[in-house]
Amino acid sequence: MNFMPTNVSSRNHVQVSGHGQQPIMFAHGFGFDQKMWRFVAPAFEDRFKVILFDYVGCGHSDISAYRVERYRTLEGYARDIVEIAEALDLRNIIFVGHSVSSMIGVLAAKLAPERFSHLVLIVPSACYIDMPPDYRGGFTRVDLEGLLDLMEKNYVGWASFLAPMIMKNDDQPALQKELATSFCAADPGIARRFAAVTFLSDHRADLKGTSQPTLIIQCSDDAIAPAGAHRQLAGSELRQLQANGHCPHMTNPLETIGVINEYLAAQGLPRNP
Amino acid sequence: MIPPPDRAPTLIGSFQLATDGQVLNANETAAQWLGFARAEFINRPFHSLLGSGGQFFWQSQIVPMLRLKGCLEEVYLRMREKVGATIPVLGNVALISDAARSFIEFSFIRIPQRGHLEDELLRAKKMAEQASDAKTKFLGMMSHELRTPLQAISLFNQALLENAYGELTAEIKEAVQSSQDCATSVTALIDDILNYSRMEGGTVQVTTENLPAEAALERAEVSIRHRFQQAGLNCVRTPVESGLMACYDANRLQQILLNLINNALKFTPRGGSVTLSAHREQEAAAFEVTDTGCGIPPEQLQRVFEPFVQLSTTIESSDKPGVGLGLAICQELAVAMGGRIAVRSTVGVGSTFSVLLPLARQS
């Protein structure tokens, strides 16, 4: 039986580790869960309090807490982040968000600015859809609807092949269990709605309201969040990685850690009381 | 890397890619299917050969997943032909590493027929979902519109019965009372529809707290005792293990229990009995309503919680009011409280509905 979450911590499967005082919170991108940070997050545990979590409908979150009304906009997900911060009484949070989580972090920082000190946004995009003549998001609406169809078709396939894979690799049961739950663990309905919210919304106007110092990390040859599409954030620094693709924290974790560390050091972080 | 000779005909297209996604090599089949010369593939980013949704998908999902998992099977993609059209393909993709190097192997087949069918399926599914959403919205709106005039009817009936418009004869009073009974019953049906459409819209709210299990049974029995006398049935409440605490929303559980008891009343012949009990069942508290009614045939047992399902039973049920939403609502409420409802039944003997809810949380 899946019981109701007793609190925000179990709703979002919040995990806290590390030896520092200042919190650094890592927020995963669409289609994954907190385990996508496993090549990066441990590198911060010596100096920071590391916070990992799963969005409702992903990973080990409590799926029964999913409410269509709440999660029909990214703001619903942002409210969850603020609630995590409140539940753990976190302040001076360094928020690290990948892809869609970049915008969720921006929204959370607007909802509760007093709790966030810095934002690190990895391959962010405030709007994926082209808005001619002035804005290039990289995709037409038709492209993005094609993407949503593709995701939907593939989730059906993945759901059916993941189960037998788990039994085959019984020499590494823990890893298999992790993989089975990390990729779109949620029901396809939730994933589909999350995808639609992620890829079809336009949050360019929200970039104007943030006051936190921000690091934007872009990749080379990223088909999804093309460099230059996103410089509207006042007071932000832009760093371009050698890494290409859309998930540098997984494909090039060392370079990603290096860039974040360099930025934090320059900002005089961690700031421990 | 110079492509090795590849003259043997194959039915599988294949690409070898560098880990950064650049094409190292492709076979002749892949070249023919996509209308390229093999050499034209070399050093191209692989995602440029995919339809635009596919580029996105490849970079945001497949590449990181390969990094986590090593291989993926049955990946559906659309690949771009040189002339610009896209074809649906199904592929397996693996990250292959040995001491010398790492590369990505992508093998695929064309699936034009299956791709077409899948497009149709997806279209049909979307239409069904839209229809279902529209139905939920319509039910919500309609119920609301119906409820308002019904309230007016009830108010006038009440006023008439209280002689606000002058003393009524016994005959007229009886007629107004009948009118009022009908209004009450229709209001209850509309409330069911409204509640259910709210739940389908995901707006059901519950507030759970630790409470004694026995309190829920006691409250239900008190509020419905008079109906047992009318129906000529016995109500039995069995003692509950002392200290059994569950985590529930008292009003929501009441709604469920009263609904289950009302059903039991409807389907149990005079002289029968309805038993209310509660016990610990593994990690849950089970609240049970057991009747000595006609029972539910096994083939219909799984359907009782589906919306708009009314069972035809051995007892003539056409005179039983309802739209078949009561149990669907109960199940949704139980799920919202972190539990569920189960049923077991024997035709001719009776049925037991178990509301399984979390045990009280340790603070």
# chains A, B, ... in the order shown; residues from 1 in each chain; ligands from 1
>>> residues_around(residues="Cys127 of chain A", least_positions_apart="2", cutoff="10 Å", atoms="only C-alpha atoms", output="VMD selection string")
chain A and resid 100 103 124 to 125 129 to 131 135 to 139 198 to 205 225 229 to 230
>>> select_by_dssp(residues="segment 85-213 of chain B", states="alpha helix (DSSP H)", output="ChimeraX atom specification")
/B:112-161,170-200,213
>>> residues_around(residues="segment 43-59 of chain A", least_positions_apart="5", cutoff="7 Å", atoms="only C-alpha atoms", output="PyMOL selection string")
chain A and resi 11-27+32-34+65-66+181-182+184-186+190+270
>>> write_last_selection(atoms="C-alpha atoms", output="PDB file, in the first residue's frame")
ATOM      1  CA  ARG A  11       6.695  13.374  -0.706  1.00  0.00           C
ATOM      2  CA  ASN A  12       9.855  14.477  -2.530  1.00  0.00           C
ATOM      3  CA  HIS A  13      12.149  11.725  -1.208  1.00  0.00           C
ATOM      4  CA  VAL A  14      14.496  14.396   0.163  1.00  0.00           C
ATOM      5  CA  GLN A  15      18.041  13.232   0.967  1.00  0.00           C
ATOM      6  CA  VAL A  16      20.441  15.309   3.030  1.00  0.00           C
ATOM      7  CA  SER A  17      24.182  14.630   3.233  1.00  0.00           C
ATOM      8  CA  GLY A  18      27.471  16.470   3.625  1.00  0.00           C
ATOM      9  CA  HIS A  19      29.410  18.208   6.359  1.00  0.00           C
ATOM     10  CA  GLY A  20      28.924  21.912   5.665  1.00  0.00           C
ATOM     11  CA  GLN A  21      26.432  24.461   6.943  1.00  0.00           C
ATOM     12  CA  GLN A  22      25.407  26.207   3.759  1.00  0.00           C
ATOM     13  CA  PRO A  23      22.922  24.166   1.744  1.00  0.00           C
ATOM     14  CA  ILE A  24      23.490  23.341  -1.911  1.00  0.00           C
ATOM     15  CA  MET A  25      20.387  21.901  -3.515  1.00  0.00           C
ATOM     16  CA  PHE A  26      20.537  19.902  -6.749  1.00  0.00           C
ATOM     17  CA  ALA A  27      17.355  19.713  -8.815  1.00  0.00           C
ATOM     18  CA  PHE A  32      15.251  11.592 -14.455  1.00  0.00           C
ATOM     19  CA  ASP A  33      15.505  11.757 -10.711  1.00  0.00           C
ATOM     20  CA  GLN A  34      18.053  12.796  -8.098  1.00  0.00           C
ATOM     21  CA  ALA A  65       0.757  13.277  -3.900  1.00  0.00           C
ATOM     22  CA  TYR A  66       0.436  14.190  -7.582  1.00  0.00           C
ATOM     23  CA  THR A 181      13.089   3.493 -10.975  1.00  0.00           C
ATOM     24  CA  SER A 182      15.253   6.314 -12.269  1.00  0.00           C
ATOM     25  CA  CYS A 184      10.486   7.758 -15.878  1.00  0.00           C
ATOM     26  CA  ALA A 185       9.541   5.752 -12.852  1.00  0.00           C
ATOM     27  CA  ALA A 186       6.294   7.590 -12.664  1.00  0.00           C
ATOM     28  CA  ILE A 190       2.456  12.256 -15.098  1.00  0.00           C
ATOM     29  CA  PRO A 270      30.551  28.401   1.298  1.00  0.00           C
TER      30      PRO A 270
END
>>> closest_residue(among="B:Ala264, B:Leu139, B:Ala124, B:Ile111", to="Arg227 of chain B", atoms="only C-alpha atoms")
B:Ala264
>>> closest_residue(among="A:Gly29, A:Asp221, A:Leu119, A:Ser102", to="Ile260 of chain A", atoms="only C-alpha atoms")
A:Leu119
>>> interface_residues(of="chain B", to="chain A", cutoff="6 Å", atoms="only C-alpha atoms", output="VMD selection string")
chain B and resid 52 to 53 56 59 to 60 76 202 338
>>> write_last_selection(atoms="N, CA and C atoms", output="tab-separated table (two decimals), in the first residue's frame")
chain	number	residue	atom	x	y	z
B	52	SER	N	13.38	16.55	-35.68
B	52	SER	CA	13.72	17.55	-34.65
B	52	SER	C	13.30	17.13	-33.24
B	53	GLY	N	12.16	16.46	-33.09
B	53	GLY	CA	11.81	15.93	-31.78
B	53	GLY	C	12.86	14.93	-31.33
B	56	PHE	N	16.19	16.36	-29.83
B	56	PHE	CA	15.93	16.75	-28.46
B	56	PHE	C	15.98	15.52	-27.56
B	59	GLN	N	19.53	13.86	-27.14
B	59	GLN	CA	20.46	14.54	-26.23
B	59	GLN	C	19.97	14.58	-24.79
B	60	SER	N	18.67	14.75	-24.60
B	60	SER	CA	18.20	14.95	-23.22
B	60	SER	C	17.91	13.63	-22.52
B	76	TYR	N	12.23	4.07	-30.05
B	76	TYR	CA	11.51	4.53	-31.24
B	76	TYR	C	12.01	5.92	-31.61
B	202	GLY	N	-8.71	15.88	-9.88
B	202	GLY	CA	-7.56	15.85	-8.98
B	202	GLY	C	-7.65	16.85	-7.84
B	338	GLY	N	-4.41	7.44	1.45
B	338	GLY	CA	-3.25	6.55	1.47
B	338	GLY	C	-3.63	5.09	1.60
>>> residues_around(residues="segment 207-214 of chain B", least_positions_apart="5", cutoff="9 Å", atoms="only C-alpha atoms", output="JSON, numbers by chain")
{"A": [4], "B": [219, 239, 240, 241, 242, 243, 244, 245, 246, 247, 248, 249, 250, 252, 277, 278, 279, 285, 286, 287, 337, 359, 360, 361]}
>>> write_last_selection(atoms="C-alpha atoms", output="compact mmCIF listing (two decimals), in the first residue's frame")
# COMPACT_ATOMS: atom_id res chain seq x y z
CA MET A 4 0.10 9.42 2.09
CA ARG B 219 -20.25 7.37 14.61
CA PRO B 239 -15.79 -4.99 19.59
CA VAL B 240 -12.53 -3.54 18.28
CA GLU B 241 -9.09 -4.50 19.66
CA SER B 242 -8.38 -1.84 22.26
CA GLY B 243 -5.85 0.78 21.24
CA LEU B 244 -6.23 0.21 17.48
CA MET B 245 -5.45 3.62 16.00
CA ALA B 246 -5.52 4.54 12.33
CA CYS B 247 -4.55 7.60 10.35
CA TYR B 248 -7.62 8.96 8.56
CA ASP B 249 -9.82 11.92 7.77
CA ALA B 250 -12.83 11.38 10.03
CA ARG B 252 -14.06 11.21 4.58
CA SER B 277 -15.90 -4.29 12.47
CA ALA B 278 -12.29 -3.14 12.48
CA HIS B 279 -9.02 -5.00 12.95
CA ALA B 285 -6.27 -0.93 9.79
CA ALA B 286 -9.17 -2.70 8.07
CA PHE B 287 -12.66 -1.21 8.57
CA MET B 337 -6.08 8.88 2.47
CA LEU B 359 -2.12 2.61 10.95
CA ALA B 360 -1.52 5.64 13.15
CA ARG B 361 1.84 7.29 12.55
>>> select_by_dssp(residues="segment 103-300 of chain B", states="strand (DSSP E)", output="ChimeraX atom specification")
/B:103-110,209-212,234-237,245-248,273-281,284-291
>>> residues_around(residues="Glu221 of chain B", least_positions_apart="5", cutoff="12 Å", atoms="only C-alpha atoms", output="list in words")
Glu214, Ala215, Ala216, His226, Arg227, Phe228, Asn234, Cys235, Val236, Arg237, Thr238, Gln254, Leu257, Leu258, Leu260, Ile261, Asn262, Val274, Thr275, Leu276, Ser277 and Val289 of chain B
>>> write_last_selection(atoms="C-alpha atoms", output="compact mmCIF listing (two decimals), in the first residue's frame")
# COMPACT_ATOMS: atom_id res chain seq x y z
CA GLU B 214 -13.62 2.31 16.95
CA ALA B 215 -14.74 5.96 16.86
CA ALA B 216 -15.45 5.76 13.13
CA HIS B 226 -32.80 4.38 12.13
CA ARG B 227 -32.42 3.02 8.60
CA PHE B 228 -31.87 -0.48 9.95
CA ASN B 234 -29.95 -6.13 12.34
CA CYS B 235 -26.93 -3.92 12.82
CA VAL B 236 -24.05 -5.68 14.59
CA ARG B 237 -20.97 -3.79 15.74
CA THR B 238 -18.23 -6.15 16.90
CA GLN B 254 -17.58 8.50 7.49
CA LEU B 257 -18.64 3.85 5.65
CA LEU B 258 -22.11 5.35 5.21
CA LEU B 260 -20.92 1.02 2.12
CA ILE B 261 -23.61 0.57 4.78
CA ASN B 262 -26.25 2.08 2.49
CA VAL B 274 -24.97 -5.94 8.52
CA THR B 275 -21.81 -6.20 10.65
CA LEU B 276 -19.37 -3.34 11.28
CA SER B 277 -15.90 -4.29 12.47
CA VAL B 289 -18.84 -3.73 6.39
>>> residues_around(residues="Leu72 of chain B", least_positions_apart="2", cutoff="7 Å", atoms="only C-alpha atoms", output="list of chain:residue names")
B:Leu66, B:Glu74, B:Val75, B:Asn92, B:Val93, B:Ala94
>>> atom_distance(atom1="atom CA of Gly54 of chain B", atom2="atom CA of Arg78 of chain B")
6.5 Å
>>> atom_distance(atom1="atom CA of Glu40 of chain B", atom2="atom CA of Ala100 of chain B")
25.9 Å
>>> atom_distance(atom1="atom CA of Phe138 of chain B", atom2="atom CA of Leu333 of chain B")
21.5 Å
>>> residues_around(residues="Ser236 of chain A", least_positions_apart="4", cutoff="12 Å", atoms="only C-alpha atoms", output="VMD selection string")
chain A and resid 118 to 121 207 to 208 210 to 217 230 to 232 263
